[in-house]
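> mmCIF, C-alpha atoms and all ligand atoms, saved as query-v9.cif, coming up:
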data_my_file
#
loop_
_atom_site.label_atom_id
_atom_site.label_comp_id
_atom_site.auth_asym_id
_atom_site.auth_seq_id
_atom_site.Cartn_x
_atom_site.Cartn_y
_atom_site.Cartn_z
CA MET A 809 26.35 -8.49 21.60
CA ASN A 810 24.24 -5.40 20.96
CA ILE A 811 20.93 -6.58 19.59
CA LYS A 812 19.31 -3.16 19.80
CA LYS A 813 18.19 -1.59 16.56
CA ASN A 814 19.03 2.03 15.92
CA ILE A 815 16.25 4.37 14.92
CA LEU A 816 16.70 7.99 14.05
CA ILE A 817 13.59 10.10 14.51
CA GLY A 818 13.33 13.44 12.73
CA ILE A 819 10.81 16.00 13.99
CA THR A 820 9.70 19.01 11.96
CA GLY A 821 7.52 21.93 12.99
CA GLY A 822 3.90 20.94 13.37
CA ILE A 823 1.42 20.50 16.16
CA ALA A 824 1.63 16.71 15.74
CA ALA A 825 5.18 16.93 17.15
CA TYR A 826 3.67 16.33 20.60
CA LYS A 827 2.62 12.84 19.43
CA THR A 828 6.21 12.10 18.44
CA LEU A 829 7.09 12.07 22.14
CA SER A 830 4.91 8.96 22.52
CA LEU A 831 6.55 7.51 19.42
CA ILE A 832 10.01 7.95 20.96
CA ARG A 833 8.75 6.19 24.08
CA LEU A 834 7.27 3.28 22.12
CA PHE A 835 10.60 2.63 20.41
CA VAL A 836 12.67 3.04 23.59
CA LYS A 837 10.39 0.56 25.38
CA SER A 838 10.80 -1.88 22.52
CA GLU A 839 14.58 -2.33 22.60
CA TYR A 840 15.43 0.40 20.13
CA ASP A 841 18.19 2.91 20.59
CA VAL A 842 16.57 6.21 19.64
CA LYS A 843 18.30 9.39 18.54
CA VAL A 844 16.38 12.49 17.57
CA VAL A 845 17.02 15.33 15.16
CA ALA A 846 14.59 18.23 15.36
CA THR A 847 14.23 21.39 13.30
CA GLN A 848 14.16 24.77 15.03
CA ASN A 849 10.43 25.00 14.30
CA ALA A 850 9.84 21.59 15.89
CA LEU A 851 11.32 22.94 19.11
CA LYS A 852 8.55 25.54 19.28
CA PHE A 853 6.16 22.61 19.83
CA VAL A 854 8.24 20.23 21.97
CA THR A 855 11.16 20.93 24.28
CA PRO A 856 14.72 19.56 24.05
CA LEU A 857 14.37 18.47 27.68
CA SER A 858 11.41 16.16 26.95
CA ILE A 859 13.11 14.71 23.87
CA GLU A 860 16.40 14.08 25.66
CA THR A 861 14.73 12.63 28.75
CA LEU A 862 12.65 10.22 26.69
CA SER A 863 15.35 9.19 24.23
CA ASN A 864 18.27 9.09 26.72
CA HIS A 865 20.43 10.87 24.14
CA ASN A 866 21.43 14.38 23.23
CA LEU A 867 19.12 16.09 20.80
CA TYR A 868 20.58 17.13 17.45
CA SER A 869 19.09 20.26 16.03
CA ASP A 870 21.68 22.70 14.83
CA ALA A 871 23.91 21.90 11.85
CA PHE A 872 26.52 24.48 12.87
CA ALA A 873 26.69 23.31 16.47
CA LEU A 874 27.35 19.85 15.09
CA ALA A 875 30.15 21.24 12.94
CA LEU A 876 31.72 22.78 16.06
CA GLU A 877 32.01 19.29 17.52
CA ARG A 878 34.40 18.75 14.60
CA LYS A 879 32.48 15.70 13.51
CA VAL A 880 30.52 15.30 10.33
CA GLU A 881 27.63 14.35 12.56
CA HIS A 882 24.96 14.27 9.87
CA ILE A 883 26.92 11.58 8.05
CA SER A 884 27.73 9.51 11.12
CA LEU A 885 24.13 9.72 12.39
CA ALA A 886 22.82 8.63 9.00
CA GLN A 887 25.22 5.69 9.09
CA TRP A 888 24.36 4.85 12.69
CA ALA A 889 20.65 4.47 11.94
CA ASP A 890 19.12 1.17 10.80
CA VAL A 891 15.92 3.01 9.95
CA VAL A 892 14.86 6.66 9.83
CA ILE A 893 11.41 8.17 10.38
CA VAL A 894 10.42 11.82 10.12
CA ALA A 895 7.25 12.44 12.12
CA PRO A 896 5.64 14.83 11.62
CA ALA A 897 6.99 15.55 8.15
CA SER A 898 5.93 19.06 7.14
CA ALA A 899 5.26 20.16 3.55
CA ASN A 900 8.51 22.12 3.79
CA CYS A 901 10.54 19.06 4.83
CA ILE A 902 8.94 16.94 2.07
CA GLY A 903 9.62 19.66 -0.51
CA LYS A 904 13.24 20.09 0.57
CA LEU A 905 13.95 16.38 0.49
CA ALA A 906 12.32 15.99 -2.94
CA SER A 907 14.44 18.87 -4.27
CA GLY A 908 17.73 17.94 -2.59
CA ILE A 909 17.85 21.04 -0.39
CA ALA A 910 19.99 20.83 2.75
CA ASP A 911 19.80 23.98 4.88
CA ASP A 912 19.59 22.67 8.44
CA ALA A 913 20.65 19.64 10.49
CA LEU A 914 17.65 17.46 9.59
CA SER A 915 17.48 18.20 5.85
CA THR A 916 21.25 17.75 5.56
CA LEU A 917 21.11 14.44 7.36
CA LEU A 918 18.19 13.17 5.29
CA LEU A 919 20.21 13.54 2.11
CA ALA A 920 22.89 11.28 3.59
CA VAL A 921 20.46 8.48 4.54
CA ASN A 922 20.78 5.25 2.58
CA LYS A 923 18.65 3.13 4.95
CA PRO A 924 14.88 2.67 4.89
CA LEU A 925 13.38 6.13 5.29
CA PHE A 926 9.78 6.75 6.37
CA LEU A 927 7.89 10.04 6.35
CA ALA A 928 4.66 10.60 8.29
CA PRO A 929 3.23 13.78 6.75
CA SER A 930 1.07 16.10 8.80
CA MET A 931 -0.50 19.28 7.50
CA ASN A 932 -3.75 20.99 6.55
CA GLU A 933 -5.82 19.00 4.01
CA ASN A 934 -5.54 21.62 1.26
CA MET A 935 -1.79 21.71 1.70
CA TYR A 936 -1.61 17.91 1.60
CA ASN A 937 -3.68 17.76 -1.58
CA HIS A 938 -1.76 20.60 -3.24
CA PHE A 939 -0.41 19.39 -6.57
CA SER A 940 3.06 20.43 -5.61
CA VAL A 941 3.09 18.45 -2.31
CA GLN A 942 1.53 15.45 -4.08
CA LYS A 943 4.14 15.66 -6.83
CA ASN A 944 6.92 15.71 -4.23
CA ILE A 945 5.39 12.72 -2.41
CA SER A 946 5.11 10.71 -5.64
CA ASN A 947 8.68 11.59 -6.50
CA LEU A 948 9.91 10.45 -3.07
CA GLN A 949 7.86 7.23 -3.27
CA ALA A 950 9.21 6.49 -6.72
CA ASN A 951 12.66 6.73 -5.16
CA GLY A 952 11.93 4.19 -2.44
CA ILE A 953 10.93 6.49 0.41
CA HIS A 954 8.01 5.16 2.43
CA ILE A 955 5.10 7.46 3.09
CA ILE A 956 2.88 6.71 6.08
CA GLU A 957 -0.32 8.34 4.92
CA PRO A 958 -1.98 10.89 7.19
CA GLU A 959 -5.40 10.08 8.59
CA SER A 960 -8.67 11.95 8.20
CA GLY A 961 -10.15 13.72 11.16
CA PHE A 962 -10.21 16.95 13.09
CA LEU A 963 -7.19 19.08 12.22
CA ALA A 964 -5.42 21.71 14.30
CA CYS A 965 -6.66 24.40 11.90
CA ASN A 966 -10.19 23.64 13.16
CA THR A 967 -11.26 21.87 9.99
CA GLU A 968 -12.04 18.25 9.19
CA GLY A 969 -9.96 16.51 6.57
CA LYS A 970 -7.05 14.32 5.62
CA GLY A 971 -3.83 15.59 7.10
CA ARG A 972 -3.60 14.31 10.67
CA MET A 973 -0.37 12.49 11.32
CA ALA A 974 -0.86 8.73 11.70
CA GLU A 975 -1.07 7.72 15.37
CA PRO A 976 2.25 6.79 17.04
CA GLU A 977 1.07 3.18 17.56
CA MET A 978 0.36 2.87 13.84
CA ILE A 979 3.76 4.31 12.86
CA PHE A 980 5.47 2.04 15.37
CA ASP A 981 3.59 -0.97 14.03
CA ILE A 982 4.45 -0.22 10.39
CA ILE A 983 8.15 0.26 11.11
CA THR A 984 8.57 -2.76 13.37
CA LYS A 985 6.71 -5.00 10.90
CA PHE A 986 8.83 -3.65 8.07
CA GLN A 987 12.00 -4.31 10.05
CA SER A 988 11.06 -7.86 10.92
CA HIS A 989 10.54 -8.73 7.29
CA THR A 990 13.47 -7.24 5.52
CA SER A 991 15.07 -10.65 5.06
CA LYS A 992 13.64 -13.76 3.40
CA TYR A 993 11.21 -12.45 0.78
CA ALA A 994 12.67 -8.95 0.42
CA LYS A 995 13.52 -9.51 -3.24
CA ILE A 996 10.08 -10.82 -4.19
CA LYS A 997 7.65 -8.48 -5.93
CA ALA A 998 3.93 -8.91 -6.45
CA LEU A 999 1.17 -7.37 -8.48
CA VAL A 1000 -2.31 -7.52 -6.94
CA THR A 1001 -5.51 -6.16 -8.42
CA ALA A 1002 -8.53 -5.26 -6.32
CA GLY A 1003 -11.99 -3.76 -6.46
CA PRO A 1004 -14.42 -3.26 -9.30
CA THR A 1005 -13.83 -1.74 -12.69
CA TYR A 1006 -16.27 0.91 -13.90
CA GLU A 1007 -17.25 1.12 -17.54
CA PRO A 1008 -18.59 4.55 -18.52
CA ILE A 1009 -21.97 4.80 -20.23
CA ASP A 1010 -21.98 8.59 -20.41
CA ALA A 1011 -20.42 11.53 -18.57
CA VAL A 1012 -22.07 10.60 -15.25
CA ARG A 1013 -23.05 6.92 -15.40
CA PHE A 1014 -21.22 3.66 -15.48
CA ILE A 1015 -21.63 -0.10 -15.33
CA GLY A 1016 -20.02 -1.43 -12.17
CA ASN A 1017 -20.32 -4.16 -9.56
CA TYR A 1018 -20.50 -4.52 -5.80
CA SER A 1019 -16.86 -5.47 -5.17
CA SER A 1020 -15.49 -3.59 -2.13
CA GLY A 1021 -11.84 -4.39 -2.86
CA LEU A 1022 -11.35 -5.90 0.60
CA MET A 1023 -10.10 -9.30 -0.59
CA GLY A 1024 -7.48 -7.73 -2.87
CA PHE A 1025 -6.37 -5.22 -0.23
CA SER A 1026 -6.11 -8.02 2.36
CA LEU A 1027 -3.96 -10.06 -0.04
CA ALA A 1028 -1.72 -7.07 -0.71
CA GLU A 1029 -1.31 -6.55 3.04
CA ALA A 1030 -0.64 -10.24 3.71
CA LEU A 1031 2.10 -10.22 1.05
CA ALA A 1032 3.58 -6.96 2.38
CA GLU A 1033 3.59 -8.32 5.92
CA ASN A 1034 5.83 -11.08 4.59
CA GLY A 1035 8.28 -8.47 3.33
CA ILE A 1036 7.10 -8.58 -0.30
CA SER A 1037 6.83 -5.32 -2.27
CA VAL A 1038 3.38 -5.03 -3.78
CA ASP A 1039 1.97 -2.97 -6.61
CA LEU A 1040 -1.73 -2.77 -5.82
CA VAL A 1041 -3.76 -1.81 -8.87
CA THR A 1042 -7.20 -0.98 -7.59
CA GLY A 1043 -10.53 0.04 -9.01
CA THR A 1044 -12.74 2.52 -7.15
CA THR A 1045 -12.93 1.76 -3.42
CA HIS A 1046 -13.09 3.66 -0.15
CA LEU A 1047 -10.38 1.41 1.33
CA LYS A 1048 -7.06 2.78 2.52
CA THR A 1049 -3.76 1.09 2.86
CA ASN A 1050 -0.81 2.29 4.81
CA HIS A 1051 1.78 -0.41 4.49
CA PRO A 1052 5.09 1.03 3.28
CA LEU A 1053 5.69 -1.95 0.99
CA ILE A 1054 2.43 -1.37 -0.88
CA ARG A 1055 2.40 1.04 -3.80
CA ARG A 1056 -1.16 1.84 -4.76
CA ILE A 1057 -2.16 2.58 -8.35
CA ASP A 1058 -5.75 3.77 -8.76
CA VAL A 1059 -7.63 2.98 -11.94
CA LYS A 1060 -11.27 3.17 -13.00
CA THR A 1061 -11.88 1.22 -16.19
CA THR A 1062 -10.86 -2.24 -17.37
CA ALA A 1063 -8.73 -0.62 -20.07
CA GLU A 1064 -6.85 1.39 -17.42
CA MET A 1065 -6.40 -1.73 -15.26
CA TYR A 1066 -5.14 -3.62 -18.31
CA ALA A 1067 -2.58 -0.90 -19.10
CA ALA A 1068 -1.38 -0.65 -15.48
CA CYS A 1069 -1.05 -4.45 -15.11
CA HIS A 1070 0.84 -4.91 -18.35
CA SER A 1071 3.25 -2.10 -17.58
CA LEU A 1072 4.13 -3.82 -14.27
CA ALA A 1073 3.86 -7.51 -15.19
CA ASP A 1074 7.45 -8.12 -16.26
CA SER A 1075 8.92 -6.85 -13.00
CA VAL A 1076 6.96 -9.09 -10.60
CA ASP A 1077 7.15 -12.68 -9.35
CA ILE A 1078 3.56 -13.11 -8.19
CA ILE A 1079 0.40 -11.86 -9.89
CA ILE A 1080 -2.96 -12.08 -8.11
CA MET A 1081 -6.02 -10.92 -10.03
CA ALA A 1082 -8.53 -10.39 -7.24
CA ALA A 1083 -10.31 -7.54 -9.03
CA ALA A 1084 -13.88 -7.93 -10.16
CA VAL A 1085 -13.23 -6.90 -13.73
CA ALA A 1086 -16.20 -5.97 -15.94
CA ASP A 1087 -16.70 -8.52 -18.71
CA TYR A 1088 -18.46 -6.01 -20.97
CA THR A 1089 -18.11 -2.32 -21.73
CA PRO A 1090 -20.38 0.03 -23.69
CA LEU A 1091 -19.48 0.01 -27.36
CA GLN A 1092 -19.17 3.74 -27.22
CA ALA A 1093 -19.29 5.95 -24.11
CA VAL A 1094 -21.21 9.17 -24.67
CA ASP A 1095 -19.13 12.14 -23.53
CA LYS A 1096 -22.17 14.20 -22.46
CA LYS A 1097 -24.96 13.25 -20.05
CA LEU A 1098 -27.65 11.22 -21.83
CA LYS A 1099 -31.04 12.91 -21.68
CA LYS A 1100 -34.07 10.98 -20.52
CA GLU A 1101 -36.49 10.06 -23.30
CA ASP A 1102 -39.85 8.40 -23.12
CA LYS A 1103 -38.74 5.19 -24.83
CA ARG A 1104 -36.59 2.16 -24.18
CA LEU A 1105 -32.88 2.66 -24.11
CA THR A 1106 -30.53 0.01 -25.44
CA ILE A 1107 -26.84 0.15 -24.67
CA ASP A 1108 -24.65 -1.94 -26.95
CA LEU A 1109 -21.91 -3.74 -25.05
CA LYS A 1110 -18.73 -5.29 -26.31
CA PRO A 1111 -16.53 -7.77 -24.38
CA THR A 1112 -13.54 -6.40 -22.48
CA VAL A 1113 -10.12 -7.98 -22.76
CA ASP A 1114 -9.50 -10.74 -20.20
CA ILE A 1115 -6.60 -9.12 -18.32
CA LEU A 1116 -5.73 -12.30 -16.45
CA LYS A 1117 -5.54 -14.38 -19.60
CA THR A 1118 -3.33 -11.84 -21.37
CA LEU A 1119 -1.02 -11.73 -18.34
CA ALA A 1120 -0.86 -15.54 -18.24
CA ASP A 1121 -0.08 -15.58 -21.97
CA ARG A 1122 3.08 -13.55 -21.34
CA LYS A 1123 3.96 -15.37 -18.10
CA LYS A 1124 7.63 -15.76 -17.28
CA LYS A 1125 8.88 -19.10 -16.06
CA HIS A 1126 9.43 -18.06 -12.45
CA GLN A 1127 6.10 -16.26 -12.13
CA ILE A 1128 3.12 -17.48 -10.13
CA ILE A 1129 -0.23 -16.36 -11.50
CA VAL A 1130 -3.39 -16.55 -9.42
CA GLY A 1131 -6.91 -15.92 -10.63
CA PHE A 1132 -10.24 -15.76 -8.86
CA ALA A 1133 -13.37 -17.55 -9.92
CA LEU A 1134 -16.62 -16.17 -8.63
CA GLU A 1135 -19.28 -18.77 -9.29
CA THR A 1136 -22.93 -19.41 -8.58
CA ASP A 1137 -23.32 -22.92 -10.04
CA HIS A 1138 -21.13 -25.90 -11.02
CA GLU A 1139 -18.57 -24.00 -8.95
CA MET A 1140 -15.68 -26.47 -8.81
CA GLU A 1141 -16.08 -27.52 -12.44
CA ASN A 1142 -16.11 -23.90 -13.64
CA ALA A 1143 -13.17 -22.94 -11.45
CA LYS A 1144 -11.06 -25.82 -12.80
CA GLN A 1145 -12.01 -24.83 -16.33
CA LYS A 1146 -10.79 -21.27 -15.68
CA LEU A 1147 -7.58 -22.62 -14.15
CA HIS A 1148 -6.72 -24.58 -17.30
CA LYS A 1149 -8.18 -22.22 -19.90
CA LYS A 1150 -6.27 -19.26 -18.51
CA LYS A 1151 -3.15 -21.39 -17.74
CA LEU A 1152 -3.00 -20.34 -14.08
CA ASP A 1153 -0.90 -21.67 -11.22
CA PHE A 1154 -3.77 -21.26 -8.79
CA VAL A 1155 -7.41 -20.38 -8.88
CA VAL A 1156 -9.26 -19.16 -5.80
CA LEU A 1157 -12.85 -20.35 -5.93
CA ASN A 1158 -15.42 -18.10 -4.34
CA SER A 1159 -18.90 -19.56 -4.28
CA LEU A 1160 -21.70 -17.06 -3.99
CA ASN A 1161 -23.83 -19.88 -2.56
CA ASP A 1162 -21.74 -19.95 0.62
CA GLU A 1163 -23.11 -17.69 3.31
CA GLY A 1164 -20.60 -15.02 4.38
CA ALA A 1165 -18.56 -15.42 1.20
CA GLY A 1166 -18.07 -13.21 -1.84
CA PHE A 1167 -18.86 -9.55 -2.49
CA GLY A 1168 -19.53 -6.82 0.03
CA VAL A 1169 -18.94 -8.90 3.19
CA ALA A 1170 -15.97 -8.80 5.55
CA THR A 1171 -15.62 -12.59 5.58
CA ASN A 1172 -14.87 -15.22 2.97
CA LYS A 1173 -14.64 -18.95 2.45
CA VAL A 1174 -12.65 -20.18 -0.52
CA SER A 1175 -11.06 -23.21 -2.15
CA LEU A 1176 -7.52 -22.79 -3.41
CA ILE A 1177 -6.91 -25.05 -6.40
CA ASP A 1178 -3.45 -25.51 -7.89
CA ALA A 1179 -2.51 -26.49 -11.46
CA ASN A 1180 -2.56 -30.21 -10.49
CA GLU A 1181 -6.08 -29.73 -9.15
CA SER A 1182 -4.99 -30.24 -5.53
CA ILE A 1183 -7.48 -28.41 -3.38
CA VAL A 1184 -6.99 -26.59 -0.08
CA GLU A 1185 -10.24 -25.60 1.64
CA ILE A 1186 -9.97 -22.32 3.54
CA PRO A 1187 -12.91 -22.10 5.96
CA LEU A 1188 -15.13 -19.08 6.67
CA GLN A 1189 -13.20 -16.34 8.46
CA SER A 1190 -12.27 -12.68 7.97
CA LYS A 1191 -10.92 -11.80 4.52
CA LYS A 1192 -7.70 -10.76 6.22
CA LEU A 1193 -7.21 -14.28 7.64
CA VAL A 1194 -8.27 -15.91 4.36
CA ALA A 1195 -5.65 -13.74 2.63
CA ASN A 1196 -2.98 -14.86 5.11
CA GLU A 1197 -3.82 -18.50 4.35
CA ILE A 1198 -3.74 -17.99 0.58
CA VAL A 1199 -0.40 -16.18 0.78
CA LYS A 1200 1.03 -18.89 3.03
CA HIS A 1201 0.27 -21.51 0.36
CA LEU A 1202 1.59 -19.35 -2.50
CA LEU A 1203 4.86 -18.74 -0.71
CA LEU A 1204 5.47 -22.50 -0.48
CA LYS A 1205 5.83 -22.44 -4.28
CA ILE A 1206 8.29 -19.52 -4.37
CA LYS A 1207 11.84 -20.45 -5.21
CA LEU A 1208 14.17 -18.12 -3.29
N1 LIG A 1301 -10.68 -11.22 -15.19
C1 LIG A 1301 -9.83 -10.42 -15.92
N2 LIG A 1301 -10.29 -9.68 -16.95
C2 LIG A 1301 -11.59 -9.71 -17.30
C3 LIG A 1301 -12.49 -10.52 -16.57
C4 LIG A 1301 -11.99 -11.27 -15.51
O1 LIG A 1301 -8.63 -10.39 -15.61
N3 LIG A 1301 -12.02 -8.96 -18.31
C5 LIG A 1301 -10.14 -12.03 -14.10
C6 LIG A 1301 -10.70 -11.75 -12.73
O2 LIG A 1301 -9.93 -10.77 -12.05
C7 LIG A 1301 -10.59 -13.10 -12.04
C8 LIG A 1301 -10.76 -14.09 -13.18
O3 LIG A 1301 -10.49 -13.35 -14.37
O4 LIG A 1301 -9.31 -13.30 -11.48
C9 LIG A 1301 -12.10 -14.73 -13.29
O5 LIG A 1301 -13.11 -13.82 -13.31
P1 LIG A 1301 -14.65 -14.27 -13.41
O6 LIG A 1301 -15.49 -13.06 -13.61
O7 LIG A 1301 -14.99 -15.21 -12.31
O8 LIG A 1301 -14.62 -15.14 -14.69
P2 LIG A 1301 -14.67 -14.82 -16.17
O9 LIG A 1301 -13.41 -15.35 -16.78
O10 LIG A 1301 -15.00 -13.39 -16.42
O11 LIG A 1301 -15.85 -15.78 -16.66
P3 LIG A 1301 -17.40 -15.77 -16.27
O12 LIG A 1301 -17.80 -14.35 -16.04
O13 LIG A 1301 -18.02 -16.38 -17.46
O14 LIG A 1301 -17.53 -16.63 -15.07
#
Just dump the structure as C-alpha cells.

Amino acid sequence: MNIKKNILIGITGGIAAYKTLSLIRLFVKSEYDVKVVATQNALKFVTPLSIETLSNHNLYSDAFALALERKVEHISLAQWADVVIVAPASANCIGKLASGIADDALSTLLLAVNKPLFLAPSMNENMYNHFSVQKNISNLQANGIHIIEPESGFLACNTEGKGRMAEPEMIFDIITKFQSHTSKYAKIKALVTAGPTYEPIDAVRFIGNYSSGLMGFSLAEALAENGISVDLVTGTTHLKTNHPLIRRIDVKTTAEMYAACHSLADSVDIIIMAAAVADYTPLQAVDKKLKKEDKRLTIDLKPTVDILKTLADRKKKHQIIVGFALETDHEMENAKQKLHKKKLDFVVLNSLNDEGAGFGVATNKVSLIDANESIVEIPLQSKKLVANEIVKHLLLKIKL
C-alpha cells in the first residue's frame, strides 16, 4: 500500500526560489512524493536539473509542452496532489489566481486545484503592502486558500521589511501539521479573542491595558493544531500568527470587537474570550488632540457592553463558551460568580497574586472551572503549554 502523500510544489520567479530547493528536500525526506511546476521566470533563479534531481520527477513548466504529451496534465497533476504549495508566490501569481487568469502551466494548474492550497508570498515590502496585493490575498483567504505570511528582515532589494518568504522549515511544519489534523476536528470552528481593547480619548490618546495577547494567540494556535478553524479577533498586539487554520481579524476598540464577535458567533462551536476588554470607555472621544491646560482634566467614562455576556445570551445549544476571570482578591469566589452570572461553560481563573501568571509574562498558571464547579488546576508553565491543556479539556466536551 502506498502511504506516501503527494505534494505539488509551484515555484514562481523570485530570489526566494533557491530556498524552495530545501523545501523540496524536506518533503522528499519525509515520505512525500514531490512534483514541481515552475514558471519560466522561476527557472531564471533555479535550474530544472536541481529540481528534477531533488524531486526525482520530471519538472513541469511549459503548458504547451504538456499539451504535446496529449495529456491534460494540469488536470491530472491537480488531481494527483493531496496538497499544493506555491513558494515563493509572486505578486503576479497571487494576482492571476485571484482573478482567474491561466496563461502558463502553473496558473492553469492552480485553477484546477480542489485540494488544500498554500501560498508563501515573497516580494518587496511595498509590493506586499500594496492595496491591490492585499485585496487579492484577502480574496484568496476568503475562498479558503492558506497564506503563509512572509517574514520581516533583510530583503533582496537591499531594504529591511516584511516580504521575505517564510523559511522552508516553517512552511514544512505548517503543511505537515495541517495534514496530520485534517480528520477528527476538521468540522469544528472556534472564535477566540485576544489582546487589549483601546478606548480613544482624543485623536492621539486612548485608555488601554497591558495585555500582550499571548494567551489568546496561544489558545488559537492550540485549537488550530488540533485541526480546528479559528477566527482570532485581536486587539492591538505585536504578535504574529502563521497557522493556515487561523484567520486573524484586527480590531481596536471594544465596540469593534463586539461587532466582529457577533458577526461570527453563529458560525462557531467554541468561543473563548481571552481578550482583556476595557470595562469603560470615554463618554465622548474628542476627534482632535486635546490641548494641555493648567487645570485638572476629568474624563467621563461610561461602561462598555460585556461582549462575553451578550455572546452567552445568544448561545446555541451545541456551543461551548469560555470566559476568563482576572482577579486580585477572593479569586475563586469571583471566578465562580462570573461563571454563573455570564452563563459560561468554563471560566479560566487567572490570579494576579500568582507569580509568573497574568499580563505581560510568557508564563501562566490557571484554574479551569466548569459549569458544575469542577476545577482543574493547570500549573505554572509557558502560555503555549497552558493553552494546550485548556484546549485538551475543552475538546473532551465536544460532541463530534
Ligand atoms: N469581557 C467582555 N466584555 C467586557 C469585559 C469583559 O467580554 N466589556 C470578558 C473578558 O474577555 C473575560 C471576562 O469577560 O473573558 C471577564 O473579564 P474580567 O475583566 O475579569 O471581568 P469583568 O466581567 O469585566 O468584571 P470585573 O472587571 O469586575 O472583574
> In Å to one decimal, how far is CA of Thr1112 (chain A) from CA of Lys1100 (chain A)?
27.0 Å
> Kindly compute an axis-aligned box around the listed atoms of ligand LIG 1301 (chain A), allowing 8 Å on each side, and express its centre and edge lengths in Å to one decimal as JSON.

{"center_x": -13.3, "center_y": -12.8, "center_z": -14.9, "size_x": 25.4, "size_y": 23.7, "size_z": 22.8}
> Within 8 Å of Val842 (chain A), counting only C-alpha atoms, which residues qualify if same-chain residues fewer than 3 places away don't, as a PyMOL selection string?
chain A and resi 814-817+832+835-836+863-865
> Using only C-alpha atoms and all ligand atoms, which residues of the polymer chains come no farther than 7 Å from ligand LIG 1301 (chain A)? I'd like the answer as a PyMOL selection string.
chain A and resi 1062+1081-1087+1112-1117+1131-1135+1146
> Go ahead and save the picked residues with C-alpha atoms, as a PDB file, in the frame of the given file.

ATOM      1  CA  THR A1062     -10.860  -2.240 -17.370  1.00  0.00           C
ATOM      2  CA  MET A1081      -6.020 -10.920 -10.030  1.00  0.00           C
ATOM      3  CA  ALA A1082      -8.530 -10.390  -7.240  1.00  0.00           C
ATOM      4  CA  ALA A1083     -10.310  -7.540  -9.030  1.00  0.00           C
ATOM      5  CA  ALA A1084     -13.880  -7.930 -10.160  1.00  0.00           C
ATOM      6  CA  VAL A1085     -13.230  -6.900 -13.730  1.00  0.00           C
ATOM      7  CA  ALA A1086     -16.200  -5.970 -15.940  1.00  0.00           C
ATOM      8  CA  ASP A1087     -16.700  -8.520 -18.710  1.00  0.00           C
ATOM      9  CA  THR A1112     -13.540  -6.400 -22.480  1.00  0.00           C
ATOM     10  CA  VAL A1113     -10.120  -7.980 -22.760  1.00  0.00           C
ATOM     11  CA  ASP A1114      -9.500 -10.740 -20.200  1.00  0.00           C
ATOM     12  CA  ILE A1115      -6.600  -9.120 -18.320  1.00  0.00           C
ATOM     13  CA  LEU A1116      -5.730 -12.300 -16.450  1.00  0.00           C
ATOM     14  CA  LYS A1117      -5.540 -14.380 -19.600  1.00  0.00           C
ATOM     15  CA  GLY A1131      -6.910 -15.920 -10.630  1.00  0.00           C
ATOM     16  CA  PHE A1132     -10.240 -15.760  -8.860  1.00  0.00           C
ATOM     17  CA  ALA A1133     -13.370 -17.550  -9.920  1.00  0.00           C
ATOM     18  CA  LEU A1134     -16.620 -16.170  -8.630  1.00  0.00           C
ATOM     19  CA  GLU A1135     -19.280 -18.770  -9.290  1.00  0.00           C
ATOM     20  CA  LYS A1146     -10.790 -21.270 -15.680  1.00  0.00           C
TER      21      LYS A1146
END
> Which is closer to Tyr840 (chain A) than all the others in A:Thr984, A:Ser1019, A:Gln1189, A:Gln949, using only C-alpha atoms?
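Between A:Thr984, A:Ser1019, A:Gln1189, A:Gln949, the residue approaching Tyr840 (chain A) most closely is A:Thr984.
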> Given all atoms listed in the file as the basis, pick out the residue of A:Asp1108, A:Asp1039, A:Asp1153, A:Glu968 nearest to Thr1089 (chain A).
A:Asp1108
> When you count only C-alpha atoms, which of these residues is closest to Ile953 (chain A): A:Lys995, A:Pro1052, A:Leu1176, A:Ala1032?
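Answer, going by the shortest atom-to-atom distance: A:Pro1052.
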> Restricting the calculation to all atoms listed in the file, which member of A:Gln1145, A:Ser907, A:Ser915, A:Thr967 is positioned closest to Ser940 (chain A)?
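Once distances to Ser940 (chain A) are computed over all atoms listed in the file, the minimum belongs to A:Ser907.
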> Would you mind listing what lies within 6 Å of region 896-905 of chain A as JSON, numbers by chain, with only C-alpha atoms counted and same-chain residues fewer than 5 positions away left out?
{"A": [819, 820, 825, 927, 928, 929, 930]}
> Is it possible to get the residues within 12 Å of (13.5, -20.4, -0.2) (coordinates as in the file, counting all atoms listed in the file) written as a PDB file with C-alpha atoms, keeping the file's coordinate frame?

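Final output, saved to selection10.pdb:
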ATOM      1  CA  SER A 991      15.070 -10.650   5.060  1.00  0.00           C
ATOM      2  CA  LYS A 992      13.640 -13.760   3.400  1.00  0.00           C
ATOM      3  CA  TYR A 993      11.210 -12.450   0.780  1.00  0.00           C
ATOM      4  CA  ALA A 994      12.670  -8.950   0.420  1.00  0.00           C
ATOM      5  CA  LYS A 995      13.520  -9.510  -3.240  1.00  0.00           C
ATOM      6  CA  ILE A 996      10.080 -10.820  -4.190  1.00  0.00           C
ATOM      7  CA  LEU A1203       4.860 -18.740  -0.710  1.00  0.00           C
ATOM      8  CA  LEU A1204       5.470 -22.500  -0.480  1.00  0.00           C
ATOM      9  CA  LYS A1205       5.830 -22.440  -4.280  1.00  0.00           C
ATOM     10  CA  ILE A1206       8.290 -19.520  -4.370  1.00  0.00           C
ATOM     11  CA  LYS A1207      11.840 -20.450  -5.210  1.00  0.00           C
ATOM     12  CA  LEU A1208      14.170 -18.120  -3.290  1.00  0.00           C
TER      13      LEU A1208
END
